[in-house]
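For reference, the structure is listed below as structure tokens.
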Amino acid sequence: MSRVVGGLAYRVEGSGPPALLLHPAFADSRAFDGEVAALKDRMTLVRVDLPGHGATRGRADAPTMDAVADALAAILEAEGLERVDVLGVSLGSLVGQDFARRHPERVRSLTALGGYPVDDPTLARAQRWALLTLLAALVFTPARFRRRVAREATATSAGRACFERLAADFGLGSFLAMRGMDRVVDGERTDVLGCPLQLLVGEHDLPLIHEANARWHAAVPGSRLEVLTGAGHCANLDEPDAVHAAWLRFLALRP
């Protein structure tokens with residue numbers, strides 16, 4: 001059953017070292033059903049519904065996206081968790097970076113799947129344009145919008161069907177609830193990411209994402225970069241076992 005702190009709905013499952021799961025845009029925390037099933041016997045998993053998504057959708061007290069980091073810190077405080085390993089997918093990887101930059105004392109490591117650095121000005125501009133395009137598609141052809149985002153997010157029929165099902169509840173109000181992203185993804189940011197970093201990229205993700213991750217990996221000494229065969233942008237829906245194995249390898253190596 002979901003709990004709510006700071007306007008964010010979340011669930012805590014499993015036992016062991018704590019980890020925070022942050023889902024991709026247009027889906028919700030159910031995108032991590034596979035992670036919970038596979039890892040709950042070895043980790044305490046906190047999965048959050050971001051503003052406009054899942055059980056947080058429609059909440060009047062939901063934070064803006066640039067205030068999510070503070071709400072995540074409040075969730076950890078409420079649950080008595082000091083530091084977490086973060087796994088963020090796409091949008092979740094951007095929120096995870098923001099959290100790690102604003103609350104470095106709370107984050108032991110960050111695994112960014114299908115992400116890019118929040119202070120990359122080129123990608124910041126590209127994201128704003130992509131969101132405007134998707135907003136227009138959602139307004140005029142909602143069903144086509146959901147098929148489109150599922151196709152762009154995944155590379156397998158199983159992954160695509162799962163993503164389209166997760167996106168069924170995402171609407172215009174959800175999009176408007178995501179305000180504040182321009183203060184998360186901002187080429188003018190001067191704060192830094194100080195935790196161990198793993199970058200995971202699906203083989204079939206966009207060239208833009210591959211290029212951004214190659215630059216990101218080169219710029220962060222000690223970071224790890226792995227390309228996941230047969231997977232798309234949200235690789236945990238396409239090749240969950242490969243994502244879990246890569247994440248666990250990384251966690252075994254980080255301090």
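So you can find residues: chains in the structure tokens are A, B, ... in the order shown, residues in each start at 1, and ligands are numbered from 1 in order.
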Applying 8 Å and only C-alpha atoms, which residues near His204 (chain A) remain after dropping the ones on its own chain fewer than 4 positions away? List them as a PyMOL selection string. chain A and resi 155+230-233
Limited to C-alpha atoms, could you put the picked residues into a file as an mmCIF file, in the first residue's frame?
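Full text of again10.cif as output:
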```
data_model
loop_
_atom_site.group_PDB
_atom_site.id
_atom_site.type_symbol
_atom_site.label_atom_id
_atom_site.label_comp_id
_atom_site.auth_asym_id
_atom_site.auth_seq_id
_atom_site.Cartn_x
_atom_site.Cartn_y
_atom_site.Cartn_z
ATOM 1 C CA ALA A 155 12.785 -2.477 -28.221
ATOM 2 C CA GLY A 230 18.831 -6.217 -27.213
ATOM 3 C CA ALA A 231 17.366 -3.412 -25.094
ATOM 4 C CA GLY A 232 15.916 0.000 -25.822
ATOM 5 C CA HIS A 233 15.675 3.223 -23.831
#
```
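Per DSSP on the backbone, alpha helix (DSSP H) in region 180-231 of chain A comprises Pro207, Leu208, Ile209, His210, Glu211, Ala212, Asn213, Ala214, Arg215, Trp216, His217, Ala218 and Ala219 of chain A.
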Could you write out that same residue set with C-alpha atoms as a PDB file, in the first residue's frame?
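Full text of again.pdb as output:
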```
ATOM      1  CA  PRO A 207      22.360   7.760 -30.935  1.00  0.00           C
ATOM      2  CA  LEU A 208      21.976  11.037 -29.017  1.00  0.00           C
ATOM      3  CA  ILE A 209      21.764   9.110 -25.733  1.00  0.00           C
ATOM      4  CA  HIS A 210      24.734   6.888 -26.629  1.00  0.00           C
ATOM      5  CA  GLU A 211      26.825   9.932 -27.504  1.00  0.00           C
ATOM      6  CA  ALA A 212      25.819  11.774 -24.329  1.00  0.00           C
ATOM      7  CA  ASN A 213      26.708   8.787 -22.167  1.00  0.00           C
ATOM      8  CA  ALA A 214      30.086   8.372 -23.850  1.00  0.00           C
ATOM      9  CA  ARG A 215      30.886  12.030 -23.069  1.00  0.00           C
ATOM     10  CA  TRP A 216      29.517  11.676 -19.537  1.00  0.00           C
ATOM     11  CA  HIS A 217      31.610   8.557 -18.887  1.00  0.00           C
ATOM     12  CA  ALA A 218      34.754  10.283 -20.174  1.00  0.00           C
ATOM     13  CA  ALA A 219      34.107  13.313 -17.972  1.00  0.00           C
TER      14      ALA A 219
END
```
Just the residues within 6 Å of Ala9 (chain A), please, counting only C-alpha atoms, with nothing from its chain fewer than 5 positions along; format it as JSON, numbers by chain. {"A": [2, 3, 4, 49, 55, 56]}
Suppose you want the space between CA of Pro121 (chain A) and CA of Gly96 (chain A); what is it in Å?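 That distance, rounded to one decimal, is 18.0 Å.
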Please identify which residues in region 20-220 of chain A DSSP calls strand (DSSP E) from the backbone, and express them as an mmCIF file with C-alpha atoms, in the first residue's frame.
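What follows is the written file out-v4.cif:
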```cif
data_model
loop_
_atom_site.group_PDB
_atom_site.id
_atom_site.type_symbol
_atom_site.label_atom_id
_atom_site.label_comp_id
_atom_site.auth_asym_id
_atom_site.auth_seq_id
_atom_site.Cartn_x
_atom_site.Cartn_y
_atom_site.Cartn_z
ATOM 1 C CA LEU A 20 15.603 4.168 -4.344
ATOM 2 C CA LEU A 21 13.866 3.452 -7.667
ATOM 3 C CA LEU A 22 12.860 6.377 -9.910
ATOM 4 C CA THR A 44 14.935 -2.669 0.743
ATOM 5 C CA LEU A 45 13.351 -1.040 -2.304
ATOM 6 C CA VAL A 46 11.713 2.375 -2.118
ATOM 7 C CA ARG A 47 9.807 3.130 -5.313
ATOM 8 C CA VAL A 48 8.263 6.548 -5.809
ATOM 9 C CA ASP A 49 5.524 7.882 -8.095
ATOM 10 C CA VAL A 84 20.436 4.866 -0.591
ATOM 11 C CA ASP A 85 21.698 3.482 -3.850
ATOM 12 C CA VAL A 86 19.641 5.106 -6.606
ATOM 13 C CA LEU A 87 18.463 3.467 -9.830
ATOM 14 C CA GLY A 88 16.834 6.003 -12.141
ATOM 15 C CA VAL A 89 15.418 5.297 -15.590
ATOM 16 C CA VAL A 107 23.086 9.016 -1.917
ATOM 17 C CA ARG A 108 25.649 6.198 -1.870
ATOM 18 C CA SER A 109 25.625 5.672 -5.647
ATOM 19 C CA LEU A 110 23.671 6.489 -8.788
ATOM 20 C CA THR A 111 22.883 4.161 -11.663
ATOM 21 C CA ALA A 112 21.482 6.142 -14.588
ATOM 22 C CA LEU A 113 19.672 4.053 -17.211
ATOM 23 C CA LEU A 197 28.234 6.599 -11.033
ATOM 24 C CA GLN A 198 27.138 3.790 -13.356
ATOM 25 C CA LEU A 199 25.725 4.493 -16.810
ATOM 26 C CA LEU A 200 23.541 1.902 -18.527
ATOM 27 C CA VAL A 201 22.366 2.335 -22.117
ATOM 28 C CA GLY A 202 20.179 0.048 -24.187
#
```
Which residues are near Gly34 (chain A)? Cut-off 10 Å, only C-alpha atoms, ignore same chain within fewer than 3 positions. Put them as a short mmCIF file (atom, residue, chain, number, x, y, z; two decimals) with N, CA and C atoms, in the first residue's frame.
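around_9.cif was written with the following content:
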```cif
data_model
loop_
_atom_site.label_atom_id
_atom_site.label_comp_id
_atom_site.auth_asym_id
_atom_site.auth_seq_id
_atom_site.Cartn_x
_atom_site.Cartn_y
_atom_site.Cartn_z
N ARG A 30 5.16 1.19 -11.10
CA ARG A 30 4.95 -0.20 -11.51
C ARG A 30 5.98 -0.65 -12.55
N ALA A 31 6.68 0.30 -13.15
CA ALA A 31 7.75 -0.05 -14.07
C ALA A 31 8.84 -0.86 -13.38
N ALA A 37 10.35 -7.97 -7.66
CA ALA A 37 10.26 -9.43 -7.65
C ALA A 37 11.64 -10.07 -7.57
N ALA A 38 12.61 -9.51 -8.28
CA ALA A 38 13.93 -10.13 -8.37
C ALA A 38 14.84 -9.79 -7.19
N LEU A 39 14.64 -8.63 -6.57
CA LEU A 39 15.64 -8.13 -5.62
C LEU A 39 15.14 -7.91 -4.20
N LYS A 40 13.84 -8.13 -3.93
CA LYS A 40 13.31 -7.80 -2.62
C LYS A 40 13.88 -8.66 -1.50
N ASN A 236 15.15 -1.83 -18.57
CA ASN A 236 14.65 -2.74 -17.54
C ASN A 236 13.33 -3.40 -17.92
N LEU A 237 12.62 -2.83 -18.89
CA LEU A 237 11.39 -3.46 -19.38
C LEU A 237 11.68 -4.44 -20.51
N PRO A 240 15.25 -7.18 -18.32
CA PRO A 240 15.38 -6.93 -16.88
C PRO A 240 16.53 -7.67 -16.22
N ASP A 241 16.76 -8.92 -16.61
CA ASP A 241 17.83 -9.69 -15.97
C ASP A 241 19.19 -9.03 -16.20
N HIS A 244 19.46 -5.98 -13.89
CA HIS A 244 19.68 -6.37 -12.49
C HIS A 244 21.11 -6.83 -12.29
#
```
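Here the question is which of A:Leu228, A:Leu123, A:Ile75, A:Val149 gets nearest to Ala25 (chain A) using only C-alpha atoms, and that residue is A:Val149.
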So that each row is one residue of region 3-109 of chain A with an atom at most 6 Å from region 171-183 of chain A, can you give its shortest atom pair and the distance in Å to one decimal, using only C-alpha atoms, rows by chain and rising number, as a Markdown table?
```
| residue | atom | partner | partner_atom | distance |
| --- | --- | --- | --- | --- |
| A:Pro51 | CA | A:Ala177 | CA | 5.8 |
| A:Gly52 | CA | A:Ser174 | CA | 3.9 |
| A:Thr64 | CA | A:Gly180 | CA | 5.5 |
| A:Met65 | CA | A:Gly180 | CA | 4.8 |
| A:Asp66 | CA | A:Gly180 | CA | 5.1 |
```
